$ cat target-v5.cif   # mmCIF, C-alpha atoms
data_start
loop_
_atom_site.label_atom_id
_atom_site.label_comp_id
_atom_site.auth_asym_id
_atom_site.auth_seq_id
_atom_site.Cartn_x
_atom_site.Cartn_y
_atom_site.Cartn_z
CA MET A 4 -29.39 14.44 31.77
CA PHE A 5 -27.11 15.27 34.62
CA GLN A 6 -23.64 13.85 34.40
CA SER A 7 -21.14 14.13 37.14
CA ARG A 8 -17.55 15.04 36.37
CA HIS A 9 -16.61 11.49 37.18
CA CYS A 10 -19.15 10.16 34.66
CA ARG A 11 -17.73 12.39 31.92
CA LYS A 12 -14.25 11.15 32.75
CA VAL A 13 -15.44 7.55 32.50
CA HIS A 14 -17.21 8.25 29.20
CA ARG A 15 -13.92 9.34 27.70
CA LYS A 16 -12.37 6.04 28.77
CA LEU A 17 -15.17 3.75 27.54
CA SER A 18 -13.86 3.49 24.00
CA GLU A 19 -10.49 2.24 25.22
CA TYR A 20 -12.25 0.01 27.74
CA ILE A 21 -14.19 -1.69 24.93
CA ASP A 22 -10.98 -2.39 23.03
CA GLY A 23 -9.11 -3.60 26.10
CA TYR A 24 -6.55 -0.80 25.95
CA LEU A 25 -6.91 0.38 29.54
CA ALA A 26 -4.23 -0.40 32.09
CA ALA A 27 -5.35 -2.79 34.85
CA GLU A 28 -5.74 -0.11 37.50
CA GLU A 29 -7.75 2.19 35.29
CA LYS A 30 -9.87 -0.71 34.07
CA HIS A 31 -10.80 -1.55 37.67
CA ARG A 32 -11.74 2.06 38.36
CA VAL A 33 -14.01 2.14 35.30
CA GLU A 34 -15.62 -1.19 36.19
CA HIS A 35 -16.15 -0.07 39.77
CA HIS A 36 -17.92 3.05 38.52
CA LEU A 37 -20.01 1.09 36.01
CA GLU A 38 -21.36 -1.14 38.76
CA SER A 39 -22.94 1.80 40.49
CA CYS A 40 -23.85 4.03 37.50
CA PRO A 41 -26.70 2.95 35.18
CA ASN A 42 -26.13 5.95 32.89
CA CYS A 43 -22.56 4.98 32.21
CA ARG A 44 -23.60 1.37 31.69
CA ALA A 45 -26.12 2.52 29.09
CA GLU A 46 -23.43 4.64 27.44
CA LEU A 47 -21.12 1.64 27.34
CA GLU A 48 -23.81 -0.58 25.80
CA SER A 49 -24.66 1.95 23.11
CA LEU A 50 -20.99 2.35 22.18
CA ARG A 51 -20.54 -1.42 22.11
CA GLY A 52 -23.57 -1.71 19.84
CA THR A 53 -22.07 0.91 17.49
CA VAL A 54 -18.75 -0.92 17.35
CA GLU A 55 -20.56 -4.21 16.63
CA LEU A 56 -22.43 -2.61 13.75
CA LEU A 57 -19.21 -1.16 12.35
CA ARG A 58 -17.52 -4.54 12.53
CA ALA A 59 -20.43 -6.08 10.61
CA VAL A 60 -19.88 -3.76 7.65
CA PRO A 61 -18.90 -6.08 4.81
CA SER A 62 -15.69 -5.83 2.86
CA MET A 63 -16.40 -5.24 -0.82
CA VAL A 64 -14.55 -6.92 -3.62
CA PRO A 65 -12.86 -4.23 -5.74
CA PRO A 66 -14.60 -3.79 -9.11
CA ARG A 67 -11.30 -4.33 -10.95
CA SER A 68 -7.62 -4.92 -10.46
CA PHE A 69 -5.55 -1.85 -9.64
CA ALA A 70 -2.29 -3.40 -10.81
CA LEU A 71 -0.23 -0.88 -12.74
CA ALA A 72 0.30 -1.50 -16.42
CA GLN A 73 3.60 -0.32 -17.90
CA ALA A 74 2.00 2.25 -20.20
CA PRO A 75 -0.05 4.13 -17.58
CA VAL A 76 2.92 4.29 -15.23
CA THR A 77 5.16 5.78 -17.91
CA LEU A 78 2.39 8.18 -18.79
CA ARG A 79 1.98 9.26 -15.19
CA ILE A 80 5.68 9.79 -14.77
CA GLN A 81 5.80 11.90 -17.91
CA GLU A 82 2.72 13.87 -16.93
CA GLY A 83 3.62 14.27 -13.32
CA PRO A 84 6.05 16.91 -12.21
CA THR A 85 8.07 14.58 -10.01
CA PRO A 86 9.06 11.13 -11.18
CA ARG A 87 10.49 10.09 -7.82
CA LEU A 88 11.80 6.88 -9.24
CA PHE A 89 14.54 8.82 -11.00
CA ARG A 90 15.50 10.98 -8.03
CA PRO A 91 14.41 14.26 -9.62
CA ALA A 92 15.56 16.35 -6.69
CA ILE A 93 19.16 15.27 -7.22
CA LEU A 94 18.87 15.70 -10.97
CA SER A 95 17.29 19.10 -10.52
CA ALA A 96 20.06 20.18 -8.18
CA ALA A 97 22.69 19.00 -10.66
CA THR A 98 20.92 20.77 -13.50
CA THR A 99 20.68 23.94 -11.47
CA VAL A 100 24.37 23.88 -10.61
CA LEU A 101 25.28 23.27 -14.26
CA ALA A 102 22.95 26.01 -15.43
CA LEU A 103 24.41 28.47 -12.94
CA LEU A 104 27.95 27.54 -14.00
CA LEU A 105 27.01 28.02 -17.63
CA ALA A 106 25.44 31.36 -16.81
CA LEU A 107 28.61 32.43 -14.96
CA ILE A 108 30.81 31.38 -17.86
CA MET A 109 28.61 33.24 -20.31
CA ALA A 110 28.54 36.30 -18.09
CA GLY A 111 32.32 36.23 -17.91
CA ASP A 112 32.49 35.89 -21.65
CA LEU A 113 30.08 38.78 -21.99
CA LEU A 114 32.29 41.09 -19.94
CA HIS A 115 35.25 40.04 -22.05
CA THR A 116 33.43 41.17 -25.18
CA PHE A 117 33.54 44.80 -24.09
CA GLU A 118 37.30 44.80 -23.62
CA PRO A 119 39.35 45.80 -26.67
CA GLY A 120 42.04 43.49 -25.39
CA PRO A 121 45.10 42.42 -27.32
CA SER A 122 43.39 39.29 -28.56
CA ALA A 123 40.82 41.43 -30.38
CA LEU A 124 43.51 43.10 -32.43
CA PRO A 125 44.32 41.50 -35.72
CA SER A 126 47.63 43.40 -36.00
CA PRO A 127 50.65 41.13 -36.28
CA THR A 128 52.78 43.65 -34.36
CA PRO A 129 54.62 42.26 -31.33
CA THR A 130 53.03 42.57 -27.94
CA PRO A 131 55.45 45.15 -26.42
CA THR A 132 54.64 47.65 -29.21
CA VAL A 133 50.92 47.30 -28.60
CA ARG A 134 51.41 47.79 -24.89
CA GLN A 135 53.35 50.95 -25.52
CA ASP A 136 50.63 52.27 -27.81
CA MET A 137 47.91 51.47 -25.34
CA SER A 138 49.75 53.00 -22.41
CA SER A 139 50.38 56.21 -24.33
CA ALA A 140 46.73 56.35 -25.34
CA SER A 141 45.51 55.96 -21.81
CA LEU A 142 48.02 58.54 -20.58
CA GLY A 143 46.97 61.02 -23.23
CA THR A 144 43.19 60.74 -22.84
CA GLU A 145 42.99 59.59 -19.21
CA VAL A 146 40.16 57.22 -20.02
CA PRO A 147 40.01 53.95 -18.12
CA PRO A 148 40.53 50.88 -20.28
CA GLN A 149 36.94 49.63 -19.66
CA ALA A 150 35.50 52.81 -21.15
CA ASP A 151 37.57 52.58 -24.33
CA ALA A 152 34.72 51.41 -26.51
CA GLY A 153 32.57 54.38 -25.54
CA ALA A 154 35.50 56.75 -25.64
CA GLU A 155 36.21 55.91 -29.26
CA LYS A 156 32.86 57.28 -30.32
CA VAL A 157 32.98 60.39 -28.16
CA ALA A 158 36.65 61.33 -28.15
CA GLY A 159 37.20 61.05 -31.89
CA PRO A 160 40.66 62.05 -33.19
CA PRO A 161 42.79 61.42 -30.09
CA ALA A 162 41.32 57.96 -29.69
CA ALA A 163 41.75 57.27 -33.37
CA GLU A 164 45.38 58.24 -33.06
CA ALA A 165 45.82 56.06 -30.06
CA THR A 166 44.34 52.94 -31.61
CA PRO A 167 46.72 51.05 -33.83
CA SER A 168 44.05 50.07 -36.34
CA PRO A 169 40.39 50.96 -37.10
CA GLN A 170 39.29 47.34 -36.49
CA PRO A 171 37.33 47.94 -33.22
CA ALA A 172 35.07 50.55 -34.82
CA GLY A 173 34.33 48.27 -37.72
CA GLY A 174 33.67 45.27 -35.39
CA ALA A 175 31.27 47.12 -33.05
CA PRO A 176 27.92 46.07 -34.65
CA SER A 177 28.85 42.38 -34.69
CA ALA A 178 30.01 42.57 -31.06
CA GLY A 179 26.66 44.14 -30.16
CA ALA A 180 24.80 41.35 -31.90
CA VAL A 181 26.91 38.73 -30.13
CA ARG A 182 26.25 40.49 -26.85
CA TRP A 183 22.49 40.36 -27.39
CA ILE A 184 22.60 36.71 -28.31
CA GLU A 185 24.62 35.96 -25.22
CA VAL A 186 22.35 38.04 -23.01
CA SER A 187 19.25 36.27 -24.31
CA LEU A 188 20.93 32.87 -24.00
CA THR A 189 21.89 33.66 -20.41
CA LEU A 190 18.33 34.73 -19.69
CA VAL A 191 16.98 31.49 -21.17
CA VAL A 192 19.41 29.44 -19.08
CA LEU A 193 18.48 31.38 -15.93
CA ILE A 194 14.75 30.91 -16.59
CA MET A 195 15.32 27.19 -17.13
CA ALA A 196 17.28 27.00 -13.89
CA ALA A 197 14.50 28.82 -12.03
CA LEU A 198 11.92 26.44 -13.47
CA THR A 199 14.01 23.43 -12.46
CA VAL A 200 14.33 24.75 -8.91
CA PHE A 201 10.59 25.39 -8.81
CA ALA A 202 9.90 21.83 -10.06
CA SER A 203 12.24 20.33 -7.47
CA LEU A 204 10.49 22.28 -4.71
CA LYS A 205 7.20 20.68 -5.70
CA VAL A 206 8.64 17.20 -5.12
CA GLY A 207 7.42 15.22 -2.17
CA ARG A 208 3.80 16.30 -1.80
CA VAL A 209 2.75 12.74 -2.45
CA GLY A 210 3.84 10.18 0.05
CA PRO A 211 3.44 9.37 3.64
CA GLY A 212 4.85 12.66 4.81
CA ARG A 213 1.61 14.52 5.29
CA GLY A 214 0.40 14.88 8.82
CA MET B 16 -8.57 -7.63 5.37
CA SER B 17 -5.61 -7.66 3.02
CA ASP B 18 -5.01 -10.96 1.32
CA THR B 19 -1.89 -11.77 3.25
CA ALA B 20 -2.76 -15.43 3.63
CA GLY B 21 0.13 -17.61 2.60
CA VAL B 22 2.54 -14.72 2.22
CA GLY B 23 4.99 -14.12 5.01
CA PRO B 24 6.51 -10.80 5.95
CA GLU B 25 9.82 -11.87 4.38
CA VAL B 26 8.17 -12.33 1.00
CA GLU B 27 6.53 -8.94 1.26
CA GLU B 28 9.83 -7.39 2.26
CA GLN B 29 11.49 -8.90 -0.82
CA GLN B 30 8.69 -7.57 -3.01
CA VAL B 31 9.06 -4.12 -1.49
CA LEU B 32 12.82 -4.17 -2.11
CA ALA B 33 12.31 -5.30 -5.70
CA SER B 34 9.69 -2.57 -6.18
CA GLN B 35 12.18 -0.02 -4.89
CA ARG B 36 14.49 -1.13 -7.68
CA GLY B 37 11.68 -0.39 -10.13
CA ASP B 38 10.35 -3.94 -10.58
CA LEU B 39 6.73 -3.37 -11.57
CA ASP B 40 5.77 -7.05 -11.33
CA SER B 41 6.79 -7.17 -7.69
CA PHE B 42 4.92 -3.96 -7.02
CA ASN B 43 1.82 -5.39 -8.66
CA LYS B 44 1.98 -8.38 -6.32
CA LEU B 45 1.81 -5.91 -3.45
CA VAL B 46 -1.10 -4.19 -5.19
CA GLU B 47 -2.99 -7.46 -5.53
CA ARG B 48 -2.45 -8.28 -1.87
CA HIS B 49 -3.57 -4.92 -0.50
CA GLN B 50 -5.99 -3.56 -3.07
CA ARG B 51 -9.09 -4.86 -1.31
CA GLN B 52 -8.25 -3.12 1.95
CA VAL B 53 -7.19 0.06 0.16
CA TYR B 54 -10.36 0.09 -1.93
CA ASN B 55 -12.59 -0.51 1.09
CA LEU B 56 -10.90 2.26 3.07
CA ALA B 57 -11.49 4.64 0.17
CA LEU B 58 -15.07 3.42 -0.27
CA ARG B 59 -15.99 4.08 3.37
CA MET B 60 -14.08 7.37 3.42
CA LEU B 61 -15.64 8.76 0.24
CA GLY B 62 -19.00 7.02 0.09
CA THR B 63 -19.16 6.18 -3.61
CA ALA B 64 -17.67 3.37 -5.64
CA GLN B 65 -16.48 5.73 -8.38
CA ALA B 66 -14.65 8.06 -6.02
CA ALA B 67 -13.20 5.06 -4.20
CA GLU B 68 -11.94 3.61 -7.47
CA ASP B 69 -10.25 6.89 -8.41
CA ALA B 70 -8.67 7.28 -4.99
CA THR B 71 -7.45 3.67 -4.98
CA GLN B 72 -5.81 4.01 -8.36
CA GLU B 73 -4.24 7.31 -7.37
CA ALA B 74 -3.00 5.77 -4.12
CA PHE B 75 -1.20 2.98 -5.97
CA PHE B 76 0.30 5.41 -8.48
CA SER B 77 1.53 7.55 -5.61
CA ALA B 78 2.83 4.51 -3.76
CA PHE B 79 4.81 3.38 -6.79
CA ARG B 80 6.30 6.84 -7.21
CA ALA B 81 7.13 7.12 -3.52
CA ILE B 82 8.22 3.57 -2.71
CA ARG B 83 11.91 4.46 -2.83
CA GLY B 84 11.29 6.67 0.16
CA PHE B 85 9.83 3.78 2.18
CA ARG B 86 12.37 2.99 4.88
CA GLY B 87 11.08 -0.37 6.06
CA GLY B 88 8.60 -1.10 8.80
CA ASN B 89 4.90 -1.69 8.33
CA PHE B 90 4.25 -1.52 4.60
CA ARG B 91 0.48 -1.82 4.99
CA ALA B 92 0.34 1.16 7.37
CA TRP B 93 2.49 3.16 4.93
CA LEU B 94 0.17 2.25 2.06
CA LEU B 95 -2.94 3.09 4.10
CA ARG B 96 -1.46 6.48 4.87
CA ILE B 97 -0.99 7.16 1.17
CA THR B 98 -4.58 6.01 0.63
CA ALA B 99 -5.82 8.36 3.33
CA ASN B 100 -3.97 11.21 1.60
CA ALA B 101 -5.57 10.25 -1.74
CA CYS B 102 -8.99 10.30 -0.03
CA TYR B 103 -8.34 13.72 1.50
CA ASP B 104 -7.37 14.95 -1.99
CA GLN B 105 -10.64 13.60 -3.41
CA LEU B 106 -12.64 15.28 -0.65
CA ARG B 107 -10.84 18.57 -1.24
CA LEU B 108 -11.46 18.27 -4.96
CA ALA B 109 -15.15 17.58 -4.39
CA ARG B 110 -15.41 20.66 -2.18
CA ARG B 111 -13.75 22.84 -4.82
CA ARG B 112 -15.79 21.59 -7.75
CA PRO B 113 -19.28 23.04 -7.75
CA THR B 114 -20.57 20.32 -10.11
CA THR B 115 -19.42 17.48 -7.84
CA SER B 116 -20.45 18.83 -4.51
CA LEU B 117 -19.66 17.05 -1.30
CA ASP B 118 -23.38 16.52 -0.72
CA GLY B 119 -23.69 14.92 -4.14
CA LEU B 120 -20.74 12.70 -3.40
CA MET B 121 -22.21 11.62 -0.13
CA ALA B 122 -25.82 11.31 -1.15
CA ASP B 123 -24.87 8.15 -2.97
CA PRO B 124 -23.65 5.90 -0.21
CA ALA B 125 -21.92 2.62 -0.91
CA THR B 126 -23.03 2.14 -4.47
CA ALA B 127 -21.11 -1.10 -4.61
CA GLU B 128 -23.23 -3.72 -6.26
CA LEU B 129 -24.38 -6.92 -4.68
CA ALA B 130 -21.82 -8.69 -6.81
CA ALA B 131 -19.09 -6.81 -4.98
CA LEU B 132 -20.06 -8.52 -1.78
CA GLU B 133 -18.34 -11.84 -1.86
CA SER B 134 -20.08 -14.02 0.68
CA PRO B 135 -20.17 -17.70 -0.08
CA GLY B 136 -22.85 -19.63 1.78
CA GLU B 137 -24.81 -16.52 2.68
CA SER B 138 -28.48 -16.34 1.80
CA PRO B 139 -29.49 -13.58 -0.65
CA GLU B 140 -31.61 -12.00 2.07
CA ASP B 141 -28.72 -11.84 4.52
CA ARG B 142 -26.51 -10.44 1.80
CA LEU B 143 -29.01 -7.74 1.07
CA GLN B 144 -29.30 -6.87 4.75
CA ARG B 145 -25.55 -6.54 5.10
CA LEU B 146 -25.47 -4.27 2.09
CA GLU B 147 -28.23 -2.14 3.58
CA LEU B 148 -26.25 -1.96 6.81
CA ALA B 149 -23.15 -0.90 4.86
CA GLN B 150 -25.16 1.84 3.15
CA VAL B 151 -26.58 3.23 6.38
CA ILE B 152 -23.23 3.09 8.15
CA THR B 153 -21.45 4.73 5.22
CA SER B 154 -24.02 7.52 5.00
CA CYS B 155 -23.42 8.18 8.72
CA LEU B 156 -19.64 7.83 8.44
CA VAL B 157 -19.39 10.50 5.76
CA ARG B 158 -20.98 12.95 8.19
CA LEU B 159 -18.10 12.59 10.61
CA PRO B 160 -15.10 14.91 10.39
CA ALA B 161 -12.63 13.27 8.00
CA GLU B 162 -9.97 12.64 10.67
CA GLN B 163 -12.43 10.89 13.00
CA ARG B 164 -13.91 8.98 10.07
CA LEU B 165 -10.50 7.66 9.06
CA VAL B 166 -9.75 6.36 12.54
CA VAL B 167 -13.19 4.78 12.99
CA ILE B 168 -12.87 2.99 9.63
CA LEU B 169 -9.35 1.80 10.36
CA CYS B 170 -10.01 0.55 13.86
CA ASP B 171 -13.63 -0.60 13.75
CA VAL B 172 -14.50 -1.43 10.14
CA GLN B 173 -11.06 -2.78 9.23
CA GLY B 174 -10.13 -3.94 12.70
CA ILE B 175 -6.51 -2.79 12.79
CA SER B 176 -4.69 -1.99 16.02
CA TYR B 177 -4.38 1.49 17.53
CA GLU B 178 -0.63 1.40 16.85
CA GLU B 179 -1.03 0.61 13.17
CA ALA B 180 -3.84 3.15 12.88
CA ALA B 181 -1.51 5.77 14.38
CA GLN B 182 1.04 5.02 11.66
CA ALA B 183 -1.62 5.04 8.95
CA ALA B 184 -3.15 8.31 10.15
CA GLY B 185 0.23 9.89 10.88
CA CYS B 186 -0.62 10.89 14.43
CA SER B 187 0.09 9.86 18.00
CA LEU B 188 -1.55 7.01 19.88
CA GLY B 189 -3.28 9.51 22.15
CA THR B 190 -4.80 11.28 19.14
CA ILE B 191 -6.06 7.95 17.81
CA LYS B 192 -7.73 7.21 21.15
CA SER B 193 -9.46 10.56 21.38
CA ARG B 194 -10.53 10.58 17.71
CA LEU B 195 -11.91 7.08 18.02
CA SER B 196 -13.77 7.89 21.22
CA ARG B 197 -15.35 11.03 19.76
CA GLY B 198 -15.98 9.38 16.40
CA ARG B 199 -17.78 6.42 17.93
CA ALA B 200 -19.95 8.61 20.15
CA ARG B 201 -20.88 10.85 17.23
CA LEU B 202 -21.61 7.90 14.99
CA ARG B 203 -23.78 6.36 17.70
CA ASP B 204 -25.82 9.58 17.82
CA LEU B 205 -26.18 9.55 14.02
CA LEU B 206 -27.25 5.91 14.04
CA ARG B 207 -29.82 6.69 16.70
CA GLN B 208 -31.23 9.37 14.39
CA HIS B 209 -31.34 7.01 11.42
CA GLY B 210 -32.07 3.84 13.36
CA GLU B 211 -35.23 3.17 11.35
CA LEU B 212 -33.08 2.73 8.23
CA LEU B 213 -31.09 -0.10 9.74
CA PRO B 214 -32.08 -3.62 8.68
CA THR B 215 -34.06 -5.50 11.35
CA LYS B 216 -31.16 -7.87 11.89
CA PHE B 217 -28.86 -5.01 12.82
CA VAL B 218 -30.68 -2.88 15.34
CA LEU B 219 -28.46 -0.57 17.36
CA ASN B 220 -28.38 -1.50 21.00
CA THR B 221 -28.86 2.01 22.29
CA GLY B 222 -28.37 1.02 25.89
CA LYS B 223 -31.19 3.38 26.90
CA GLU B 224 -34.23 5.04 25.49
#
$ encode --input "target-v5.cif" --output "structure tokens"
Amino acid sequence: MFQSRHCRKVHRKLSEYIDGYLAAEEKHRVEHHLESCPNCRAELESLRGTVELLRAVPSMVPPRSFALAQAPVTLRIQEGPTPRLFRPAILSAATTVLALLLALIMAGDLLHTFEPGPSALPSPTPTPTVRQDMSSASLGTEVPPQADAGAEKVAGPPAAEATPSPQPAGGAPSAGAVRWIEVSLTLVVLIMAALTVFASLKVGRVGPGRG
Amino acid sequence: MSDTAGVGPEVEEQQVLASQRGDLDSFNKLVERHQRQVYNLALRMLGTAQAAEDATQEAFFSAFRAIRGFRGGNFRAWLLRITANACYDQLRLARRRPTTSLDGLMADPATAELAALESPGESPEDRLQRLELAQVITSCLVRLPAEQRLVVILCDVQGISYEEAAQAAGCSLGTIKSRLSRGRARLRDLLRQHGELLPTKFVLNTGKE
């Protein structure tokens, strides 16, 4: 059936016209057109009939109450990734910060393990003597202090002369074990932090925010 | 449609505030007041009583979890939006699951029993006719695009205003108007196709032949 452009424009307005949402001027324009257009009148009647049928659809009584019992709610919160009630995003952020701090502390501690610093020496000799020994050792071998642990194994006699006691060589396996424990602990903490961040990112899917 | 009779907005506001503090009893009062409207929205959106029940329960769980984020305003519209989201989730789930296909979900329109239709003073015959009407309408509704379906149910079946529907659907007033206009026209065409299924009392006035 042929429809003029004006008819199509009126058709688009009929729904609002039925609900009384048209502004006075527009309403008059539509009514003026309807008076002279039987097709648009028929369209209006059919839409009105549809709306009447929709309004006659009965409201059903729910088959049961949907009130939340304490147990299911607790269960859902435990099951669900995001118990909003307890502000998980904030908690997650706090946990992440703490985990990162812990990781930093452990990493710092880890670096300290490699240093044969004065604290590692059990010798009761005063500090100035040790400093003198260490400075002469580094002057003689020209090995940076960080590489001392490796230098001991490779350099042999000069390093042995330079070190005031054989303690570092004897303590090497235990330091290695400690290092591995610390490395694995750091990894565990980092993985936990990553998981917490991931969980906090998943917050907020539920709720009125979806468009 | 919600059972708001006798409960003013101040009371509801207090119950919302208490719910935000974690008071489950107050939240359950809100559930009791709105569950009929929520269930009926889900029923007309999804087409089956079972799916509607699941979506309704999920909507209230989600609402309880999210209520702290509710910043005042129209609580019913907020709740209906959560319900709409729960319905979309159900529809998505039905599309993904080969065993519960969308066709299967929709081939069983409005399985609500006669007992679910509370209508004091209505003759059994009239009750039956209204149920038949609900079944035909629901089977046509589920053939509309979900966004149009939601707006038609909110505005025409539940009779809420365009403004509230806009809040519930999370879109602009203009979008509500265009979705409603297109949804009604499409539903009219579907009802014309299935007009013979309508009970004699509810014949569609087609306006033309």
$ closest_residue --input "target-v5.cif" --among "B:Arg142, B:Arg48, B:Arg111, B:Arg203" --to "chain A" --atoms "only C-alpha atoms"
B:Arg203
$ residues_around --input "target-v5.cif" --residues "Val54 in chain A" --least-positions-apart "3" --cutoff "9 Å" --atoms "only C-alpha atoms" --output "PyMOL selection string"
(chain A and resi 21+49-51+57-59) or (chain B and resi 171-172+199+203)
$ closest_residue --input "target-v5.cif" --among "A:Gly23, A:Lys12, A:Glu48, A:Glu38" --to "chain B" --atoms "all atoms listed in the file"
A:Glu48
$ closest_residue --input "target-v5.cif" --among "B:Phe75, B:Pro139, B:Ala180, B:Arg86" --to "chain A" --atoms "all atoms listed in the file"
B:Phe75
$ resolve_selection --input "target-v5.cif" --expression "the PyMOL selection byres ((chain B and resi 149) around 9)" --output "list in words"
Leu57, Ala59, Val60 and Pro61 of chain A; Arg59, Pro124, Ala125, Gln144, Arg145, Leu146, Glu147, Leu148, Gln150, Val151, Ile152, Thr153 and Ser154 of chain B
$ atom_distance --input "target-v5.cif" --atom1 "CA of Thr98 in chain A" --atom2 "CA of Ala196 in chain A"
7.2 Å
$ closest_residue --input "target-v5.cif" --among "B:Arg164, B:Lys216, B:Arg201, B:Lys192" --to "Tyr24 in chain A" --atoms "all atoms listed in the file"
B:Lys192
$ atom_distance --input "target-v5.cif" --atom1 "CA of Ala92 in chain B" --atom2 "CA of Ala183 in chain B"
4.6 Å
$ resolve_selection --input "target-v5.cif" --expression "the PyMOL selection byres ((chain B and resi 91) around 12)" --output "PyMOL selection string"
(chain A and resi 211) or (chain B and resi 16-19+24+27-28+31+45-46+48-53+78+85+87-90+92-98+169+175+179-180+182-184)
$ residues_around --input "target-v5.cif" --residues "Ala70 in chain B" --least-positions-apart "4" --cutoff "7 Å" --atoms "all atoms listed in the file" --output "PyMOL selection string"
chain B and resi 57+66+74+101-102+105
$ closest_residue --input "target-v5.cif" --among "A:Ala45, A:Val192, A:Lys16, A:Val33" --to "chain B" --atoms "all atoms listed in the file"
A:Ala45
$ resolve_selection --input "target-v5.cif" --expression "the PyMOL selection byres ((chain A and resi 32) around 12)" --output "list of chain:residue names"
A:His9, A:Cys10, A:Lys12, A:Val13, A:Lys16, A:Leu17, A:Tyr20, A:Leu25, A:Ala26, A:Ala27, A:Glu28, A:Glu29, A:Lys30, A:His31, A:Val33, A:Glu34, A:His35, A:His36, A:Leu37, A:Glu38, A:Ser39
$ atom_distance --input "target-v5.cif" --atom1 "CA of Ser34 in chain B" --atom2 "CA of Gly174 in chain B"
27.4 Å
$ closest_residue --input "target-v5.cif" --among "B:Ala64, B:Leu219, B:Leu106, B:Leu156" --to "Gly198 in chain B" --atoms "only C-alpha atoms"
B:Leu156
$ residues_around --input "target-v5.cif" --residues "Cys170 in chain B" --least-positions-apart "6" --cutoff "8 Å" --atoms "only C-alpha atoms" --output "NGL selection string"
:B and (176-177 or 180 or 195)
